[in-house]
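Asker: Mind having a look at this structure? Questions to follow.
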Amino acid sequence: MNKLLILSLLTLSLSAQEFVSSSSFDSKTAKGTVVIEFWAEWNAGNQVDFLPSLKDCESYRVCIVKGADVQKKYKVTAIPTVIIFDNGVEQERFNPNIMMQLVATKKKVQKAIDNITLSKFQ
């Protein structure tokens with residue numbers, strides 16, 4: 001039983017998505033490739049769970065209730081919206097469907113990240 005509890009807690013900690021606030025948003029997205037999910041607790045059932053497992057990037061979540069100014073700045077009108085930044089500049093955006101579910105797959109988001117990374121070597 002204890003082993004199961006420890007394994008469950010470890011799994012939760014590995015898959016937990018770190019939140020970024022309005023005050024730290026610019027510094028978190030300023031350097032490197034960063035994936036941001038615009039999120040709300042009332043739509044948590046449709047949150048994007050694969051972001052922490054993406055390679056060659058950092059990933060964060062912005063709560064649109066607490067970060068309404070960031071939501072407005074990036075004109076996010078539906079959630080979950082995923083935006084990929086490279087050195088503070090928006091490079092790619094993935095929007096949800098009418099059911100408020102992200103249409104893009106992990107593979108599609110990772111491909112966008114890979115393309116950004118490869119473009120630095122061309």
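Naming works like this for the structure tokens: A, B, ... for the chains as they're shown, residue 1 at the start of each chain, ligands 1 onward in shown order.
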Compile the contact shell of Glu92 of chain A as a PDB file with N, CA and C atoms, in the first residue's frame: residues with an atom at most 10 Å away, counting only C-alpha atoms, same-chain residues fewer than 3 positions apart removed.
Answerer:
ATOM      1  N   VAL A  35       6.515  26.713 -24.058  1.00  0.00           N
ATOM      2  CA  VAL A  35       5.133  26.400 -24.415  1.00  0.00           C
ATOM      3  C   VAL A  35       4.241  26.838 -23.264  1.00  0.00           C
ATOM      4  N   VAL A  82      -2.800  26.869 -26.679  1.00  0.00           N
ATOM      5  CA  VAL A  82      -1.378  26.616 -26.457  1.00  0.00           C
ATOM      6  C   VAL A  82      -0.590  27.493 -27.420  1.00  0.00           C
ATOM      7  N   ILE A  83       0.344  28.258 -26.852  1.00  0.00           N
ATOM      8  CA  ILE A  83       1.193  29.127 -27.672  1.00  0.00           C
ATOM      9  C   ILE A  83       2.644  28.747 -27.421  1.00  0.00           C
ATOM     10  N   ILE A  84       3.400  28.624 -28.514  1.00  0.00           N
ATOM     11  CA  ILE A  84       4.830  28.352 -28.424  1.00  0.00           C
ATOM     12  C   ILE A  84       5.573  29.664 -28.669  1.00  0.00           C
ATOM     13  N   PHE A  85       6.427  30.014 -27.718  1.00  0.00           N
ATOM     14  CA  PHE A  85       7.254  31.210 -27.816  1.00  0.00           C
ATOM     15  C   PHE A  85       8.700  30.794 -28.025  1.00  0.00           C
ATOM     16  N   ASP A  86       9.423  31.597 -28.776  1.00  0.00           N
ATOM     17  CA  ASP A  86      10.863  31.416 -28.892  1.00  0.00           C
ATOM     18  C   ASP A  86      11.508  32.768 -28.623  1.00  0.00           C
ATOM     19  N   VAL A  89       9.003  35.635 -28.477  1.00  0.00           N
ATOM     20  CA  VAL A  89       8.184  35.930 -29.655  1.00  0.00           C
ATOM     21  C   VAL A  89       7.284  34.735 -29.952  1.00  0.00           C
ATOM     22  N   VAL A 109       2.383  19.341 -31.729  1.00  0.00           N
ATOM     23  CA  VAL A 109       3.038  20.385 -30.937  1.00  0.00           C
ATOM     24  C   VAL A 109       4.542  20.137 -30.889  1.00  0.00           C
ATOM     25  N   ALA A 112       6.217  21.219 -34.073  1.00  0.00           N
ATOM     26  CA  ALA A 112       6.403  22.669 -34.134  1.00  0.00           C
ATOM     27  C   ALA A 112       7.641  23.082 -33.327  1.00  0.00           C
ATOM     28  N   ILE A 113       7.822  22.481 -32.151  1.00  0.00           N
ATOM     29  CA  ILE A 113       8.999  22.765 -31.327  1.00  0.00           C
ATOM     30  C   ILE A 113      10.265  22.336 -32.060  1.00  0.00           C
ATOM     31  N   ILE A 116      11.195  24.799 -34.759  1.00  0.00           N
ATOM     32  CA  ILE A 116      11.793  26.009 -34.192  1.00  0.00           C
ATOM     33  C   ILE A 116      13.265  25.741 -33.844  1.00  0.00           C
TER      34      ILE A 116
END
Asker: Could you give me, as a list of chain:residue names, the residues within 9 Å of Gly67 of chain A, counting only C-alpha atoms and dropping anything in the same chain fewer than 4 positions from it?
Answerer: A:Val20, A:Ser21, A:Ser22, A:Ser23, A:Val62, A:Cys63, A:Gln71, A:Lys72
Asker: Kindly indicate which residue among A:Thr77, A:Thr29, A:Gln122, A:Ser53 lies nearest to Ile98 of chain A, using only C-alpha atoms for the distances.
Answerer: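 Residue with the minimum atom-to-atom distance to Ile98 of chain A: A:Thr77.
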Asker: Report, in Å with one decimal, the straight-line distance from atom CA of Asp114 of chain A to atom CA of Gly88 of chain A.
Answerer: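 Atom CA of Gly88 of chain A lies 17.0 Å from atom CA of Asp114 of chain A.
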Asker: Measure the distance from atom CA of Met100 of chain A to atom CA of Glu18 of chain A in Å and round it to one decimal.
Answerer: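 Result for atom CA of Met100 of chain A versus atom CA of Glu18 of chain A: 21.1 Å, one decimal.
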Asker: Could you write out, as a ChimeraX atom specification, all the residues of chain A that DSSP marks as helix (DSSP H, G or I)?
Answerer: /A:2-15,25-29,41-46,51-53,68-73,106-119
Asker: Do you have the atom CA of Tyr60 of chain A-atom CA of Phe121 of chain A distance handy?
Answerer: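 Result for atom CA of Tyr60 of chain A versus atom CA of Phe121 of chain A: 25.5 Å, one decimal.
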